[in-house]
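Trainee: What follows is work-v3.txt, compact mmCIF, C-alpha atoms.
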# COMPACT_ATOMS: atom_id res chain seq x y z
CA MET A 1 -137.33 -193.06 -159.85
CA ALA A 2 -139.25 -191.58 -162.78
CA PRO A 3 -142.79 -192.96 -163.41
CA ALA A 4 -143.11 -195.70 -166.08
CA ASP A 5 -145.56 -193.77 -168.29
CA PHE A 6 -143.08 -190.88 -168.68
CA ARG A 7 -142.52 -189.56 -172.22
CA PRO A 8 -139.39 -187.47 -173.01
CA CYS A 9 -140.07 -183.94 -174.36
CA ASP A 10 -139.12 -183.18 -177.93
CA HIS A 11 -136.94 -180.15 -177.23
CA TRP A 12 -134.64 -182.13 -174.97
CA SER A 13 -134.43 -185.40 -176.78
CA HIS A 14 -132.88 -183.86 -179.88
CA ARG A 15 -130.07 -182.36 -177.80
CA GLY A 16 -129.07 -185.73 -176.44
CA VAL A 17 -129.91 -184.77 -172.80
CA SER A 18 -132.50 -186.95 -171.11
CA LYS A 19 -134.81 -185.39 -168.56
CA MET A 20 -134.34 -188.42 -166.35
CA ALA A 21 -130.68 -187.64 -165.83
CA VAL A 22 -131.40 -184.00 -164.88
CA LEU A 23 -134.18 -184.94 -162.47
CA SER A 24 -132.03 -187.58 -160.81
CA VAL A 25 -129.26 -184.97 -160.33
CA LEU A 26 -131.74 -182.58 -158.75
CA ARG A 27 -133.01 -185.26 -156.37
CA ALA A 28 -129.45 -186.13 -155.34
CA ALA A 29 -128.82 -182.43 -154.62
CA ALA A 30 -131.95 -182.22 -152.47
CA ALA A 31 -130.88 -185.31 -150.50
CA LEU A 32 -127.39 -183.78 -150.03
CA VAL A 33 -128.94 -180.51 -148.82
CA ALA A 34 -131.04 -182.36 -146.28
CA ARG A 35 -127.96 -184.16 -144.96
CA ARG A 36 -125.85 -180.90 -144.62
CA PRO A 37 -124.91 -179.80 -141.07
CA PHE A 38 -127.47 -177.86 -139.17
CA HIS A 39 -125.81 -174.47 -138.46
CA LYS A 40 -124.77 -173.77 -142.09
CA LEU A 41 -128.34 -173.58 -143.23
CA GLN A 42 -129.46 -171.26 -140.42
CA PRO A 43 -130.41 -168.46 -142.89
CA LEU A 44 -132.91 -170.86 -144.38
CA ALA A 45 -134.44 -171.42 -140.96
CA GLY A 46 -137.82 -169.99 -140.16
CA ASN A 47 -138.92 -170.69 -143.74
CA SER A 48 -142.24 -172.47 -143.60
CA LEU A 49 -141.42 -174.56 -146.68
CA LEU A 50 -138.33 -176.12 -145.17
CA LYS A 51 -139.65 -177.94 -142.16
CA ALA A 52 -136.33 -179.73 -141.78
CA PHE A 53 -134.71 -176.66 -140.16
CA PRO A 54 -136.55 -175.29 -137.17
CA ALA A 55 -135.47 -171.72 -136.22
CA ALA A 56 -133.00 -171.67 -133.35
CA PRO A 57 -133.50 -169.24 -130.44
CA LYS A 58 -131.36 -166.00 -130.56
CA VAL A 59 -128.22 -166.11 -128.35
CA ALA A 60 -126.15 -163.03 -127.25
CA VAL A 61 -122.87 -163.13 -129.21
CA ARG A 62 -119.54 -162.14 -127.66
CA HIS A 63 -116.74 -161.67 -130.24
CA GLY A 64 -113.09 -162.25 -129.38
CA SER A 65 -112.16 -159.34 -131.75
CA HIS A 66 -112.65 -155.58 -131.59
CA GLY A 67 -116.44 -155.55 -131.85
CA LYS A 68 -118.82 -155.10 -134.71
CA GLN A 69 -117.39 -154.93 -138.19
CA MET A 70 -118.10 -151.45 -139.56
CA PHE A 71 -118.46 -150.47 -143.20
CA VAL A 72 -115.96 -147.59 -143.39
CA ILE A 73 -116.83 -145.09 -146.10
CA LYS A 74 -113.67 -143.77 -147.76
CA SER A 75 -112.72 -142.60 -151.26
CA SER A 76 -111.64 -145.09 -153.87
CA GLN A 77 -107.97 -146.02 -154.03
CA TYR A 78 -108.42 -147.93 -157.26
CA TYR A 79 -107.20 -145.15 -159.53
CA ASP A 80 -104.17 -144.37 -157.35
CA THR A 81 -103.01 -147.96 -157.15
CA ARG A 82 -103.65 -148.42 -160.86
CA PHE A 83 -101.54 -145.38 -161.66
CA LEU A 84 -98.65 -146.51 -159.47
CA ARG A 85 -98.86 -150.02 -160.82
CA LEU A 86 -98.76 -148.81 -164.43
CA LEU A 87 -95.97 -146.33 -163.59
CA THR A 88 -93.73 -149.02 -162.12
CA PHE A 89 -94.54 -151.36 -164.98
CA TYR A 90 -93.68 -148.96 -167.77
CA THR A 91 -90.59 -147.66 -165.97
CA LEU A 92 -89.26 -151.13 -165.33
CA LEU A 93 -90.17 -152.36 -168.82
CA THR A 94 -87.12 -150.57 -170.27
CA GLY A 95 -85.42 -149.76 -166.98
CA ILE A 96 -84.56 -153.34 -166.07
CA PRO A 97 -83.07 -154.36 -169.44
CA VAL A 98 -81.03 -151.16 -169.59
CA THR A 99 -79.75 -151.61 -166.03
CA VAL A 100 -78.86 -155.25 -166.66
CA PHE A 101 -77.08 -154.34 -169.90
CA ILE A 102 -75.05 -151.56 -168.29
CA THR A 103 -74.16 -153.80 -165.33
CA PHE A 104 -72.94 -156.55 -167.64
CA VAL A 105 -70.90 -154.09 -169.70
CA ASN A 106 -69.30 -152.66 -166.56
CA ILE A 107 -68.48 -156.08 -165.11
CA PHE A 108 -67.41 -158.07 -168.13
CA ILE A 109 -65.90 -155.43 -170.40
CA GLY A 110 -64.84 -152.78 -167.92
CA GLU A 111 -63.34 -149.36 -168.45
CA ALA A 112 -60.21 -148.65 -170.44
CA GLU A 113 -56.83 -148.05 -168.84
CA LEU A 114 -54.76 -144.95 -169.41
CA ALA A 115 -51.64 -145.51 -171.50
CA GLU A 116 -49.05 -143.41 -173.25
CA ILE A 117 -49.51 -143.10 -177.01
CA PRO A 118 -47.03 -145.51 -178.59
CA GLU A 119 -44.48 -144.24 -181.10
CA ASP A 120 -45.68 -143.88 -184.70
CA TYR A 121 -49.25 -144.66 -183.75
CA VAL A 122 -52.13 -142.26 -184.31
CA PRO A 123 -55.10 -143.38 -182.16
CA GLU A 124 -58.59 -143.32 -183.62
CA HIS A 125 -60.89 -140.66 -182.24
CA TRP A 126 -62.86 -143.14 -180.10
CA GLU A 127 -59.74 -144.41 -178.38
CA TYR A 128 -59.59 -141.18 -176.41
CA HIS A 129 -62.64 -142.13 -174.31
CA LYS A 130 -62.67 -144.31 -171.18
CA HIS A 131 -66.05 -146.02 -170.84
CA PRO A 132 -66.83 -148.78 -173.38
CA ILE A 133 -70.33 -147.46 -174.14
CA THR A 134 -68.94 -143.95 -174.74
CA ARG A 135 -66.34 -145.48 -177.03
CA TRP A 136 -69.02 -147.37 -178.96
CA ILE A 137 -71.13 -144.21 -179.35
CA ALA A 138 -68.08 -142.21 -180.45
CA LYS A 139 -67.10 -144.94 -182.89
CA TYR A 140 -70.43 -145.64 -184.58
CA LEU A 141 -72.70 -142.66 -183.97
CA TYR A 142 -70.59 -139.52 -183.66
CA ASP A 143 -68.28 -137.79 -186.11
CA PRO A 144 -64.65 -137.31 -185.06
CA PRO A 145 -64.02 -133.86 -183.52
CA GLU A 146 -61.35 -133.28 -186.16
CA LYS A 147 -64.11 -133.40 -188.78
CA GLY A 148 -66.08 -130.69 -186.97
CA TYR A 149 -62.96 -128.56 -186.68
CA GLU A 150 -62.19 -128.93 -190.38
CA LYS A 151 -65.81 -128.22 -191.34
CA MET A 152 -65.72 -125.00 -189.33
CA MET A 153 -62.44 -124.01 -190.96
CA ALA A 154 -63.91 -124.72 -194.39
CA LEU A 155 -66.89 -122.46 -193.64
CA ILE A 156 -64.59 -119.73 -192.36
CA SER A 157 -62.40 -119.91 -195.48
CA ILE A 158 -65.46 -119.76 -197.77
CA GLU A 159 -66.80 -116.73 -195.92
CA GLU A 160 -63.37 -115.13 -195.94
CA GLU A 161 -63.07 -115.53 -199.70
CA LYS A 162 -66.59 -114.16 -200.17
CA ALA A 163 -65.85 -111.09 -198.04
CA ASP A 164 -62.55 -110.57 -199.82
CA LEU A 165 -64.13 -110.79 -203.25
CA ARG A 166 -66.95 -108.46 -202.28
CA LEU A 167 -64.51 -105.80 -201.08
CA LYS A 168 -62.45 -106.25 -204.24
CA GLN A 169 -65.56 -105.89 -206.36
CA LEU A 170 -66.45 -102.59 -204.71
CA GLU A 171 -62.90 -101.26 -205.23
CA VAL A 172 -62.83 -102.39 -208.86
CA ARG A 173 -66.19 -100.75 -209.51
CA ARG A 174 -64.95 -97.50 -208.07
CA LEU A 175 -61.75 -97.53 -210.07
CA MET A 176 -63.40 -98.53 -213.32
CA ARG A 177 -65.90 -95.78 -212.98
CA GLU A 178 -63.21 -93.30 -212.11
CA ARG A 179 -60.69 -94.23 -214.79
CA GLY A 180 -63.08 -95.41 -217.45
CA ASP A 181 -60.56 -97.74 -219.07
CA GLY A 182 -62.03 -100.96 -217.74
CA ALA A 183 -64.62 -103.42 -218.86
CA TRP A 184 -67.43 -101.90 -216.80
CA TYR A 185 -69.14 -98.57 -217.23
CA GLN A 186 -68.81 -98.79 -221.00
CA TYR A 187 -71.91 -97.34 -222.62
CA GLU A 188 -72.93 -98.01 -226.19
CA THR A 189 -72.83 -94.88 -228.38
CA LEU A 190 -73.76 -94.33 -232.01
CA ASP A 191 -71.43 -95.42 -234.77
CA LYS A 192 -69.22 -92.56 -235.99
CA ASN A 193 -70.00 -93.34 -239.65
CA LEU A 194 -73.70 -92.75 -239.20
CA ILE A 195 -73.24 -89.10 -238.35
CA ASP A 196 -74.11 -86.81 -241.19
CA ASN A 197 -71.39 -84.17 -241.23
CA SER A 198 -72.31 -82.63 -244.56
CA HIS A 199 -74.27 -79.69 -243.17
CA LYS A 200 -71.55 -79.01 -240.57
CA SER A 201 -68.79 -78.26 -243.10
CA ASN A 202 -70.78 -75.62 -245.03
CA PRO A 203 -71.81 -72.55 -243.10
CA ASP A 204 -75.39 -71.55 -243.29
CA TYR A 205 -75.31 -68.56 -245.48
CA MET B 1 -58.71 -140.80 -155.07
CA PRO B 2 -57.03 -143.24 -157.41
CA GLU B 3 -54.69 -145.84 -155.96
CA ASP B 4 -51.55 -144.25 -157.42
CA TRP B 5 -51.61 -140.70 -156.18
CA ASP B 6 -48.45 -138.64 -155.80
CA LYS B 7 -47.25 -139.73 -152.35
CA ASP B 8 -45.12 -136.65 -151.86
CA VAL B 9 -47.87 -134.16 -152.57
CA TYR B 10 -50.68 -135.78 -150.64
CA ARG B 11 -48.67 -137.08 -147.73
CA GLN B 12 -50.28 -139.44 -145.27
CA PRO B 13 -49.46 -138.67 -141.64
CA ASP B 14 -46.88 -141.07 -140.15
CA SER B 15 -48.53 -144.09 -138.55
CA ARG B 16 -47.48 -144.87 -135.03
CA THR B 17 -48.63 -148.33 -133.96
CA PRO B 18 -48.40 -148.62 -130.20
CA GLU B 19 -46.94 -151.69 -128.50
CA VAL B 20 -49.62 -154.05 -127.26
CA ASP B 21 -49.42 -154.44 -123.47
CA LYS B 22 -52.42 -156.53 -122.47
CA LYS B 23 -53.06 -156.78 -118.74
CA THR B 24 -56.48 -158.47 -118.82
CA GLY B 25 -57.52 -161.88 -120.00
CA LEU B 26 -60.78 -160.60 -121.45
CA PRO B 27 -61.15 -160.43 -125.25
CA ASN B 28 -60.74 -157.03 -126.85
CA PRO B 29 -64.12 -155.89 -128.21
CA ALA B 30 -62.46 -153.69 -130.83
CA VAL B 31 -60.70 -156.74 -132.25
CA ILE B 32 -63.99 -158.67 -132.25
CA VAL B 33 -65.80 -155.83 -134.07
CA SER B 34 -63.02 -155.41 -136.59
CA LYS B 35 -62.92 -159.16 -137.31
CA LEU B 36 -66.72 -159.18 -137.65
CA PHE B 37 -66.55 -156.29 -140.09
CA TYR B 38 -63.79 -158.05 -142.00
CA TYR B 39 -65.65 -161.31 -142.45
CA THR B 40 -69.09 -159.86 -143.18
CA VAL B 41 -68.21 -156.85 -145.33
CA ASP B 42 -64.57 -156.66 -146.34
CA LEU B 43 -63.97 -160.24 -147.48
CA PRO B 44 -67.12 -160.63 -149.68
CA VAL B 45 -66.59 -157.24 -151.28
CA THR B 46 -62.92 -157.95 -151.96
CA THR B 47 -63.61 -161.38 -153.45
CA PHE B 48 -66.32 -159.92 -155.69
CA ARG B 49 -64.00 -157.15 -156.79
CA ASP B 50 -61.25 -159.67 -157.57
CA TRP B 51 -63.68 -161.75 -159.60
CA VAL B 52 -64.74 -158.65 -161.55
CA GLU B 53 -61.08 -157.77 -162.18
CA ARG B 54 -60.44 -161.31 -163.47
CA GLN B 55 -63.37 -160.95 -165.90
CA ARG B 56 -62.04 -157.61 -167.07
CA GLU B 57 -58.53 -158.99 -167.60
CA LYS B 58 -59.77 -161.07 -170.52
CA ASN B 59 -60.42 -158.13 -172.84
CA LYS B 60 -58.18 -155.19 -172.02
CA PHE B 61 -58.10 -151.98 -174.00
CA TYR B 62 -56.56 -148.59 -173.49
CA TYR B 63 -57.41 -144.96 -173.80
CA TYR B 64 -55.06 -142.05 -174.43
CA HIS B 65 -54.86 -138.36 -173.70
CA ARG B 66 -55.13 -136.00 -176.65
CA HIS B 67 -52.01 -134.19 -177.71
CA PHE B 68 -52.65 -130.91 -179.50
CA ARG B 69 -49.99 -129.25 -181.62
CA ARG B 70 -49.14 -125.64 -180.83
CA VAL B 71 -50.38 -123.20 -183.47
CA PRO B 72 -49.47 -119.51 -183.91
CA ASP B 73 -50.94 -117.17 -181.32
CA LEU B 74 -53.37 -114.35 -181.93
CA THR B 75 -50.44 -111.93 -181.87
CA GLU B 76 -48.68 -113.89 -184.62
CA CYS B 77 -51.63 -113.87 -187.03
CA THR B 78 -51.68 -111.43 -189.94
CA LEU B 79 -54.64 -109.06 -190.09
CA GLY B 80 -57.68 -110.55 -191.78
CA ASP B 81 -56.43 -114.17 -191.65
CA PHE B 82 -59.59 -115.62 -190.15
CA LEU B 83 -58.38 -119.20 -190.25
CA CYS B 84 -55.39 -118.22 -188.10
CA TYR B 85 -57.81 -116.36 -185.79
CA TYR B 86 -59.94 -119.50 -185.44
CA GLU B 87 -57.04 -121.80 -184.64
CA ALA B 88 -55.59 -119.29 -182.16
CA GLU B 89 -59.02 -118.95 -180.51
CA MET B 90 -59.37 -122.72 -180.16
CA GLN B 91 -55.89 -122.97 -178.69
CA TRP B 92 -56.66 -120.17 -176.22
CA ARG B 93 -59.85 -121.96 -175.17
CA ARG B 94 -57.93 -125.19 -174.54
CA ASP B 95 -55.35 -123.29 -172.50
CA TYR B 96 -58.18 -121.63 -170.53
CA LYS B 97 -59.60 -125.05 -169.68
CA VAL B 98 -56.13 -126.31 -168.67
CA ASP B 99 -55.65 -123.29 -166.39
CA GLN B 100 -59.02 -123.90 -164.76
CA GLU B 101 -58.01 -127.50 -164.05
CA ILE B 102 -54.64 -126.32 -162.66
CA MET B 103 -56.51 -124.02 -160.25
CA LYS B 104 -58.76 -126.90 -159.22
CA ILE B 105 -55.72 -129.09 -158.48
CA LEU B 106 -54.13 -126.35 -156.36
CA GLN B 107 -57.37 -125.92 -154.42
CA GLU B 108 -57.60 -129.70 -153.94
CA ARG B 109 -54.04 -129.80 -152.59
CA LEU B 110 -54.75 -127.03 -150.09
CA ARG B 111 -57.94 -128.74 -149.00
CA ALA B 112 -56.15 -132.09 -148.57
CA CYS B 113 -53.37 -130.42 -146.60
CA GLN B 114 -55.83 -128.77 -144.24
CA GLN B 115 -57.73 -132.04 -143.76
CA ARG B 116 -54.49 -133.88 -143.09
CA GLU B 117 -52.95 -131.45 -140.62
CA GLY B 118 -56.06 -130.66 -138.65
CA HIS B 119 -55.56 -127.73 -136.33
CA SER B 120 -51.88 -127.30 -137.16
CA TYR B 121 -52.62 -126.35 -140.78
CA VAL B 122 -51.64 -122.72 -140.15
CA GLN B 123 -47.91 -123.43 -140.11
CA ASN B 124 -47.71 -126.77 -141.94
CA CYS B 125 -49.55 -125.80 -145.12
CA ALA B 126 -47.59 -122.67 -145.93
CA LYS B 127 -46.13 -124.11 -149.14
CA GLU B 128 -49.50 -125.18 -150.56
CA LEU B 129 -51.00 -121.87 -149.55
CA GLU B 130 -48.23 -119.96 -151.30
CA GLN B 131 -48.67 -122.04 -154.46
CA PHE B 132 -52.40 -121.44 -154.43
CA LYS B 133 -51.99 -117.72 -153.87
CA GLN B 134 -49.55 -117.35 -156.76
CA GLY B 135 -51.78 -119.38 -159.04
CA ALA B 136 -54.89 -117.45 -158.07
CA LYS B 137 -53.16 -114.10 -158.60
CA GLY B 138 -51.96 -115.11 -162.06
CA TYR B 139 -55.35 -116.58 -162.98
CA GLN B 140 -57.15 -113.46 -161.83
CA SER B 141 -54.85 -111.12 -163.74
CA ARG B 142 -55.11 -113.18 -166.92
CA TYR B 143 -58.66 -114.54 -167.03
CA GLY B 144 -60.53 -112.74 -164.27
CA ASP B 145 -63.54 -110.59 -165.18
CA LEU B 146 -63.52 -111.70 -168.79
CA GLY B 147 -67.06 -113.05 -168.33
CA ALA B 148 -68.94 -115.90 -169.93
CA TYR B 149 -68.27 -114.76 -173.52
CA ALA B 150 -64.51 -114.71 -173.01
CA SER B 151 -62.39 -114.92 -176.12
CA SER B 152 -58.72 -114.74 -176.94
CA ARG B 153 -59.26 -111.26 -178.38
CA LYS B 154 -60.74 -109.91 -175.12
CA CYS B 155 -57.93 -111.56 -173.17
CA LEU B 156 -55.37 -109.89 -175.46
CA MET B 157 -57.02 -106.51 -174.95
CA LYS B 158 -56.95 -107.07 -171.20
CA GLN B 159 -53.24 -107.83 -171.43
CA LYS B 160 -52.73 -104.68 -173.47
CA HIS B 161 -54.42 -102.56 -170.81
CA ARG B 162 -52.37 -104.28 -168.11
CA MET B 163 -49.16 -103.43 -169.96
CA ILE B 164 -50.30 -99.81 -170.49
CA GLU B 165 -51.01 -99.43 -166.78
CA GLU B 166 -47.66 -100.97 -165.91
CA LYS B 167 -45.89 -98.56 -168.25
CA GLU B 168 -47.74 -95.59 -166.75
CA ARG B 169 -46.83 -96.73 -163.28
CA GLU B 170 -43.18 -97.06 -164.32
CA GLN B 171 -43.23 -93.60 -165.82
CA ALA B 172 -44.85 -92.15 -162.74
CA ALA B 173 -42.29 -93.97 -160.56
CA SER B 174 -39.34 -92.74 -162.68
CA GLU B 175 -40.63 -89.16 -162.77
CA ALA B 176 -41.33 -89.03 -159.07
Reformat the file's structure so that it appears as structure tokens.

Mentor:
Amino acid sequence: MAPADFRPCDHWSHRGVSKMAVLSVLRAAAALVARRPFHKLQPLAGNSLLKAFPAAPKVAVRHGSHGKQMFVIKSSQYYDTRFLRLLTFYTLLTGIPVTVFITFVNIFIGEAELAEIPEDYVPEHWEYHKHPITRWIAKYLYDPPEKGYEKMMALISIEEEKADLRLKQLEVRRLMRERGDGAWYQYETLDKNLIDNSHKSNPDY
Amino acid sequence: MPEDWDKDVYRQPDSRTPEVDKKTGLPNPAVIVSKLFYYTVDLPVTTFRDWVERQREKNKFYYYHRHFRRVPDLTECTLGDFLCYYEAEMQWRRDYKVDQEIMKILQERLRACQQREGHSYVQNCAKELEQFKQGAKGYQSRYGDLGAYASSRKCLMKQKHRMIEEKEREQAASEA
């Protein structure tokens, strides 16, 4: 019990904690320590302050296991395990949803069956594929192969016309230059009426 | 192998089930093992497969094989008609792929025949072997040694050289 003439300190009273409560807790802890079993406090033995625990005499110890526990010095496995842990995590983060999705598609939707093309029916370009995911990709992401074929043919026809016109241009140039009766190779000459012919008609004598 | 293979081409050997003539009263261990296999592996797998088939029955859809129209050959194109060249080239490439698949099927048939007959394949597989030989000879004379950058034009030139050699051989044979 705290003495009767005890005055609480200022720096504790304003925090709402009374020193009496703390001291009583400490005393209860000391009483509990004194009542603890004997062998658990053996490290404290031999201490002159704690006269409650006299030091016990040393006894030869025989273990039932493989002898003294050694501190084996080996390199750290922390980084290796961390790497493998992170590797599995990031692989499975997208791997598991993708696997589950593909499994569900294969089980519940399944692959297409082969059939003859019905009369008067032109199948769409994605209906030529078997697996549903391939069909979806062909339907929404890819262009039909006919489009690629037609694009190539368009390029070839453009280049063919260009080559044709270039050859024609060379031939036309040659002929116009040779014959001189075309639109090209016409050179501007002086107007006939500007020529002064007066001195040409009278000989110089 | 799909379930509906051509039964005449890939023939199964005739099954000969012997008559059971049990003389002992002991249980047959082969029967025990086969029943064990049936109940632990076969039955669960079959029921799962049937369940999956029932799920797939609900939304059925079909796929088709492409049909390509025949276009004029490289020999039927006028000179300088590059569009005709392109279409003929594409058709030749498709035919090349088809011929490769035909060769694969002939090889597969020969392999299946040999596996089926065992040691008596020498006399029993003569038909498949003949088919494969004919196919290989034709394939080699048409597409062999064209290389990775094969085109219909190179194939046509190869055919031209083949015909020239044949004509020379004929001439040499008629002169001699």

Trainee: Should the cut-off be 6 Å, what would the residue list for chain B against chain A look like, counting only C-alpha atoms, as a list in words?

Mentor: Val52, Gln55, Arg56, Phe61, Tyr62, Tyr63 and Tyr64 of chain B

Trainee: Just give me the gap between CA of Ala136 in chain B and CA of Leu106 in chain B in Å, one decimal is fine.

Mentor: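 Separating CA of Ala136 in chain B from CA of Leu106 in chain B is a distance of 9.1 Å.
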
Trainee: Excluding Gln131 in chain B and residues on its chain fewer than 2 positions from it, collect all residues at most 12 Å away from it, counting all atoms listed in the file, and give them as a list in words.

Mentor: Ile102, Met103, Ile105, Leu106, Gln107, Glu108, Arg109, Leu110, Cys125, Ala126, Lys127, Glu128, Leu129, Lys133, Gln134, Gly135, Ala136, Lys137 and Gly138 of chain B

Trainee: Using CA of Lys151 in chain A and CA of Asp95 in chain B as the two end points, give the distance in Å to one decimal.

Mentor: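 CA of Lys151 in chain A sits 22.1 Å away from CA of Asp95 in chain B.
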
Trainee: For CA of Ala112 in chain B and CA of Pro13 in chain B, determine how far apart the two atoms are, in Å to one decimal place.

Mentor: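 Computing it gives 11.7 Å between the two atoms.
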
Trainee: So, with only C-alpha atoms as the atoms that count, which of B:Glu130, B:Glu89, B:Glu170, B:Glu165 lies closest to Arg153 in chain B?

Mentor: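 The answer is B:Glu89, which sits nearest to Arg153 in chain B.
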